[in-house]
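Shown below: protein-v4.pdb, with PDB, N, CA and C atoms.
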ATOM      1  N   MET A1158      -1.103  -7.066  13.186
ATOM      2  CA  MET A1158      -1.352  -5.921  14.023
ATOM      3  C   MET A1158      -2.827  -5.919  14.412
ATOM      4  N   GLY A1159      -3.074  -5.737  15.689
ATOM      5  CA  GLY A1159      -4.444  -5.745  16.175
ATOM      6  C   GLY A1159      -4.881  -4.381  16.659
ATOM      7  N   GLU A1160      -6.040  -4.382  17.268
ATOM      8  CA  GLU A1160      -6.625  -3.146  17.768
ATOM      9  C   GLU A1160      -7.231  -3.417  19.140
ATOM     10  N   CYS A1161      -7.071  -2.471  20.048
ATOM     11  CA  CYS A1161      -7.641  -2.588  21.388
ATOM     12  C   CYS A1161      -9.166  -2.647  21.285
ATOM     13  N   GLY A1162      -9.762  -3.592  21.981
ATOM     14  CA  GLY A1162     -11.203  -3.771  21.951
ATOM     15  C   GLY A1162     -11.980  -2.684  22.679
ATOM     16  N   LEU A1163     -11.286  -1.827  23.440
ATOM     17  CA  LEU A1163     -11.975  -0.769  24.171
ATOM     18  C   LEU A1163     -11.696   0.617  23.605
ATOM     19  N   CYS A1164     -10.420   1.002  23.518
ATOM     20  CA  CYS A1164     -10.098   2.364  23.071
ATOM     21  C   CYS A1164      -9.732   2.432  21.594
ATOM     22  N   HIS A1165      -9.592   1.273  20.941
ATOM     23  CA  HIS A1165      -9.312   1.158  19.510
ATOM     24  C   HIS A1165      -7.927   1.657  19.102
ATOM     25  N   LYS A1166      -6.979   1.701  20.067
ATOM     26  CA  LYS A1166      -5.592   2.011  19.709
ATOM     27  C   LYS A1166      -5.067   0.881  18.837
ATOM     28  N   SER A1167      -4.224   1.231  17.886
ATOM     29  CA  SER A1167      -3.593   0.228  17.048
ATOM     30  C   SER A1167      -2.233   0.744  16.621
ATOM     31  N   GLY A1168      -1.438  -0.113  16.049
ATOM     32  CA  GLY A1168      -0.117   0.273  15.588
ATOM     33  C   GLY A1168       0.935  -0.683  16.113
ATOM     34  N   GLU A1169       2.158  -0.475  15.650
ATOM     35  CA  GLU A1169       3.246  -1.361  16.027
ATOM     36  C   GLU A1169       3.654  -1.216  17.482
ATOM     37  N   GLU A1170       3.408  -0.069  18.084
ATOM     38  CA  GLU A1170       3.811   0.181  19.468
ATOM     39  C   GLU A1170       2.792  -0.305  20.496
ATOM     40  N   VAL A1171       1.648  -0.790  20.060
ATOM     41  CA  VAL A1171       0.588  -1.232  20.973
ATOM     42  C   VAL A1171       0.659  -2.745  21.137
ATOM     43  N   SER A1172       0.884  -3.181  22.373
ATOM     44  CA  SER A1172       0.833  -4.617  22.645
ATOM     45  C   SER A1172      -0.512  -4.932  23.279
ATOM     46  N   LEU A1173      -1.128  -6.004  22.831
ATOM     47  CA  LEU A1173      -2.467  -6.355  23.297
ATOM     48  C   LEU A1173      -2.404  -7.496  24.301
ATOM     49  N   LEU A1174      -3.250  -7.403  25.301
ATOM     50  CA  LEU A1174      -3.357  -8.404  26.358
ATOM     51  C   LEU A1174      -4.773  -8.965  26.362
ATOM     52  N   GLY A1175      -4.900 -10.216  26.709
ATOM     53  CA  GLY A1175      -6.221 -10.819  26.809
ATOM     54  C   GLY A1175      -6.857 -10.502  28.149
ATOM     55  N   ALA A1176      -8.138 -10.187  28.132
ATOM     56  CA  ALA A1176      -8.879  -9.906  29.366
ATOM     57  C   ALA A1176     -10.280 -10.482  29.250
ATOM     58  N   ASN A1177     -10.793 -10.941  30.361
ATOM     59  CA  ASN A1177     -12.165 -11.426  30.405
ATOM     60  C   ASN A1177     -12.996 -10.382  31.137
ATOM     61  N   HIS A1178     -13.604  -9.497  30.378
ATOM     62  CA  HIS A1178     -14.376  -8.374  30.904
ATOM     63  C   HIS A1178     -15.703  -8.889  31.460
ATOM     64  N   LYS A1179     -16.141  -8.328  32.582
ATOM     65  CA  LYS A1179     -17.385  -8.778  33.218
ATOM     66  C   LYS A1179     -18.605  -8.603  32.326
ATOM     67  N   GLU A1180     -18.617  -7.586  31.471
ATOM     68  CA  GLU A1180     -19.776  -7.332  30.605
ATOM     69  C   GLU A1180     -19.526  -7.693  29.141
ATOM     70  N   LEU A1181     -18.302  -7.516  28.662
ATOM     71  CA  LEU A1181     -18.001  -7.712  27.246
ATOM     72  C   LEU A1181     -17.450  -9.090  26.910
ATOM     73  N   GLY A1182     -17.085  -9.855  27.916
ATOM     74  CA  GLY A1182     -16.513 -11.180  27.677
ATOM     75  C   GLY A1182     -15.031 -11.092  27.359
ATOM     76  N   SER A1183     -14.520 -12.053  26.626
ATOM     77  CA  SER A1183     -13.100 -12.137  26.306
ATOM     78  C   SER A1183     -12.749 -11.148  25.195
ATOM     79  N   ILE A1184     -11.810 -10.234  25.495
ATOM     80  CA  ILE A1184     -11.392  -9.221  24.521
ATOM     81  C   ILE A1184      -9.887  -9.022  24.608
ATOM     82  N   LEU A1185      -9.310  -8.486  23.555
ATOM     83  CA  LEU A1185      -7.909  -8.071  23.545
ATOM     84  C   LEU A1185      -7.866  -6.571  23.771
ATOM     85  N   ILE A1186      -7.052  -6.151  24.750
ATOM     86  CA  ILE A1186      -6.987  -4.738  25.100
ATOM     87  C   ILE A1186      -5.536  -4.292  25.267
ATOM     88  N   CYS A1187      -5.307  -2.987  25.157
ATOM     89  CA  CYS A1187      -3.973  -2.435  25.342
ATOM     90  C   CYS A1187      -3.645  -2.385  26.839
ATOM     91  N   ARG A1188      -2.382  -2.158  27.132
ATOM     92  CA  ARG A1188      -1.915  -2.139  28.526
ATOM     93  C   ARG A1188      -2.604  -1.050  29.343
ATOM     94  N   ASP A1189      -2.846   0.114  28.757
ATOM     95  CA  ASP A1189      -3.515   1.207  29.485
ATOM     96  C   ASP A1189      -4.935   0.812  29.886
ATOM     97  N   CYS A1190      -5.671   0.201  28.960
ATOM     98  CA  CYS A1190      -7.039  -0.237  29.267
ATOM     99  C   CYS A1190      -7.031  -1.380  30.270
ATOM    100  N   TRP A1191      -6.021  -2.270  30.183
ATOM    101  CA  TRP A1191      -5.923  -3.381  31.131
ATOM    102  C   TRP A1191      -5.754  -2.846  32.549
ATOM    103  N   LYS A1192      -4.880  -1.837  32.703
ATOM    104  CA  LYS A1192      -4.671  -1.226  34.026
ATOM    105  C   LYS A1192      -5.968  -0.614  34.551
ATOM    106  N   GLU A1193      -6.684   0.071  33.664
ATOM    107  CA  GLU A1193      -7.955   0.706  34.055
ATOM    108  C   GLU A1193      -8.981  -0.335  34.495
ATOM    109  N   LEU A1194      -9.106  -1.419  33.727
ATOM    110  CA  LEU A1194     -10.050  -2.478  34.093
ATOM    111  C   LEU A1194      -9.669  -3.122  35.411
ATOM    112  N   TYR A1195      -8.380  -3.321  35.623
ATOM    113  CA  TYR A1195      -7.906  -3.925  36.867
ATOM    114  C   TYR A1195      -8.243  -3.035  38.059
ATOM    115  N   GLN A1196      -7.996  -1.736  37.924
ATOM    116  CA  GLN A1196      -8.247  -0.791  39.010
ATOM    117  C   GLN A1196      -9.729  -0.650  39.322
ATOM    118  N   THR A1197     -10.583  -0.778  38.319
ATOM    119  CA  THR A1197     -12.025  -0.633  38.544
ATOM    120  C   THR A1197     -12.713  -1.975  38.792
ATOM    121  N   ASN A1198     -11.906  -3.051  38.898
ATOM    122  CA  ASN A1198     -12.421  -4.390  39.169
ATOM    123  C   ASN A1198     -13.464  -4.813  38.131
ATOM    124  N   SER A1199     -13.131  -4.590  36.851
ATOM    125  CA  SER A1199     -14.059  -4.910  35.770
ATOM    126  C   SER A1199     -13.734  -6.214  35.049
ATOM    127  N   MET A1200     -12.730  -6.945  35.547
ATOM    128  CA  MET A1200     -12.379  -8.224  34.939
ATOM    129  C   MET A1200     -12.860  -9.364  35.829
ATOM    130  N   VAL A1201     -13.132 -10.497  35.221
ATOM    131  CA  VAL A1201     -13.559 -11.676  35.956
ATOM    132  C   VAL A1201     -12.343 -12.241  36.678
ATOM    133  N   ALA A1202     -12.442 -12.450  37.972
ATOM    134  CA  ALA A1202     -11.324 -12.958  38.769
ATOM    135  C   ALA A1202     -10.955 -14.382  38.369
ATOM    136  N   GLY A1203      -9.663 -14.659  38.311
ATOM    137  CA  GLY A1203      -9.190 -16.007  38.011
ATOM    138  C   GLY A1203      -9.474 -16.464  36.606
ATOM    139  N   SER A1204      -9.566 -15.543  35.669
ATOM    140  CA  SER A1204      -9.962 -15.920  34.313
ATOM    141  C   SER A1204      -8.805 -15.927  33.329
ATOM    142  N   SER A1205      -7.580 -15.798  33.810
ATOM    143  CA  SER A1205      -6.467 -15.808  32.857
ATOM    144  C   SER A1205      -6.309 -17.208  32.282
ATOM    145  N   CYS A1206      -5.917 -17.257  31.045
ATOM    146  CA  CYS A1206      -5.859 -18.548  30.356
ATOM    147  C   CYS A1206      -4.562 -19.281  30.623
ATOM    148  N   GLY A1207      -3.538 -18.591  31.117
ATOM    149  CA  GLY A1207      -2.276 -19.246  31.384
ATOM    150  C   GLY A1207      -1.506 -19.614  30.129
ATOM    151  N   GLY A1208      -1.791 -18.962  29.027
ATOM    152  CA  GLY A1208      -1.060 -19.196  27.777
ATOM    153  C   GLY A1208      -1.621 -20.300  26.923
ATOM    154  N   LYS A1209      -2.813 -20.759  27.174
ATOM    155  CA  LYS A1209      -3.389 -21.875  26.431
ATOM    156  C   LYS A1209      -4.271 -21.445  25.262
ATOM    157  N   CYS A1210      -4.671 -20.174  25.216
ATOM    158  CA  CYS A1210      -5.555 -19.748  24.130
ATOM    159  C   CYS A1210      -4.750 -19.272  22.919
ATOM    160  N   SER A1211      -5.376 -19.142  21.800
ATOM    161  CA  SER A1211      -4.678 -18.791  20.555
ATOM    162  C   SER A1211      -4.214 -17.339  20.535
ATOM    163  N   THR A1212      -4.726 -16.480  21.402
ATOM    164  CA  THR A1212      -4.316 -15.079  21.402
ATOM    165  C   THR A1212      -3.088 -14.837  22.258
ATOM    166  N   CYS A1213      -2.696 -15.795  23.056
ATOM    167  CA  CYS A1213      -1.516 -15.632  23.897
ATOM    168  C   CYS A1213      -0.235 -15.898  23.115
ATOM    169  N   CYS A1214       0.813 -15.218  23.507
ATOM    170  CA  CYS A1214       2.070 -15.398  22.788
ATOM    171  C   CYS A1214       3.016 -16.351  23.512
ATOM    172  N   ARG A1215       2.556 -17.053  24.502
ATOM    173  CA  ARG A1215       3.405 -17.988  25.251
ATOM    174  C   ARG A1215       3.549 -19.284  24.514
TER
END

Kindly return the structure encoded in the file as structure tokens.
Amino acid sequence: MGECGLCHKSGEEVSLLGANHKELGSILICRDCWKELYQTNSMVAGSSCGGKCSTCCR
């Protein structure tokens, strides 16, 4: 079980996604924070790993 790198939500109901934040770098965040970062254009464009990093579940 992990914890969101931004809002610190944790628990069994929280799924974490990888994001490359423009200021914080690579972090795991919850879906709500991911949506917020996407809407405010706070993620680095084209930075998804495509399932190759150890934090991805692919």

* **Near-A:Leu1174 list (6.5 Å; all atoms listed in the file; drop same-chain fewer than 5 positions) as a PyMOL selection string** => chain A and resi 1184-1188

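Atom N of A:Met1200 to atom N of A:His1178 spans 5.8 Å [interatomic distance, one decimal].
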
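By only C-alpha atoms, and with residues fewer than 2 positions from A:Cys1161 along its chain excluded, the set lying at most 7 Å from it is Gly1159, Leu1163, Cys1164, His1165, Lys1166, Ser1167, Leu1173, Leu1185, Ile1186 and Cys1187 of chain A.
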
* Could you check how far atom CA of A:Ser1172 sits from atom CA of A:Trp1191, in Å to one decimal? => 10.9 Å

* Go through the shown structure with the PyMOL selection byres ((chain A and resi 1180) around 8) and write out the matching residues as a ChimeraX atom specification. => /A:1177-1179,1181-1183,1199-1201

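The residues of stretch 1171-1205 of chain A that DSSP classifies as strand (DSSP E or B), using the backbone of this structure, are Leu1173, Leu1174, Gly1175, Ala1176, Asn1177, His1178, Gly1182, Ser1183, Ile1184, Leu1185, Ile1186, Cys1187 and Met1200 of chain A.
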
Any chance you can output those residues with N, CA and C atoms as an mmCIF file, keeping the file's coordinate frame?
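Printed below is again05.cif as written:
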data_model
loop_
_atom_site.group_PDB
_atom_site.id
_atom_site.type_symbol
_atom_site.label_atom_id
_atom_site.label_comp_id
_atom_site.auth_asym_id
_atom_site.auth_seq_id
_atom_site.Cartn_x
_atom_site.Cartn_y
_atom_site.Cartn_z
ATOM 1 N N LEU A 1173 -1.128 -6.004 22.831
ATOM 2 C CA LEU A 1173 -2.467 -6.355 23.297
ATOM 3 C C LEU A 1173 -2.404 -7.496 24.301
ATOM 4 N N LEU A 1174 -3.250 -7.403 25.301
ATOM 5 C CA LEU A 1174 -3.357 -8.404 26.358
ATOM 6 C C LEU A 1174 -4.773 -8.965 26.362
ATOM 7 N N GLY A 1175 -4.900 -10.216 26.709
ATOM 8 C CA GLY A 1175 -6.221 -10.819 26.809
ATOM 9 C C GLY A 1175 -6.857 -10.502 28.149
ATOM 10 N N ALA A 1176 -8.138 -10.187 28.132
ATOM 11 C CA ALA A 1176 -8.879 -9.906 29.366
ATOM 12 C C ALA A 1176 -10.280 -10.482 29.250
ATOM 13 N N ASN A 1177 -10.793 -10.941 30.361
ATOM 14 C CA ASN A 1177 -12.165 -11.426 30.405
ATOM 15 C C ASN A 1177 -12.996 -10.382 31.137
ATOM 16 N N HIS A 1178 -13.604 -9.497 30.378
ATOM 17 C CA HIS A 1178 -14.376 -8.374 30.904
ATOM 18 C C HIS A 1178 -15.703 -8.889 31.460
ATOM 19 N N GLY A 1182 -17.085 -9.855 27.916
ATOM 20 C CA GLY A 1182 -16.513 -11.180 27.677
ATOM 21 C C GLY A 1182 -15.031 -11.092 27.359
ATOM 22 N N SER A 1183 -14.520 -12.053 26.626
ATOM 23 C CA SER A 1183 -13.100 -12.137 26.306
ATOM 24 C C SER A 1183 -12.749 -11.148 25.195
ATOM 25 N N ILE A 1184 -11.810 -10.234 25.495
ATOM 26 C CA ILE A 1184 -11.392 -9.221 24.521
ATOM 27 C C ILE A 1184 -9.887 -9.022 24.608
ATOM 28 N N LEU A 1185 -9.310 -8.486 23.555
ATOM 29 C CA LEU A 1185 -7.909 -8.071 23.545
ATOM 30 C C LEU A 1185 -7.866 -6.571 23.771
ATOM 31 N N ILE A 1186 -7.052 -6.151 24.750
ATOM 32 C CA ILE A 1186 -6.987 -4.738 25.100
ATOM 33 C C ILE A 1186 -5.536 -4.292 25.267
ATOM 34 N N CYS A 1187 -5.307 -2.987 25.157
ATOM 35 C CA CYS A 1187 -3.973 -2.435 25.342
ATOM 36 C C CYS A 1187 -3.645 -2.385 26.839
ATOM 37 N N MET A 1200 -12.730 -6.945 35.547
ATOM 38 C CA MET A 1200 -12.379 -8.224 34.939
ATOM 39 C C MET A 1200 -12.860 -9.364 35.829
#

* Structure fact -> What separates atom CA of A:Tyr1195 and atom C of A:Ala1176 is a distance of 10.3 Å
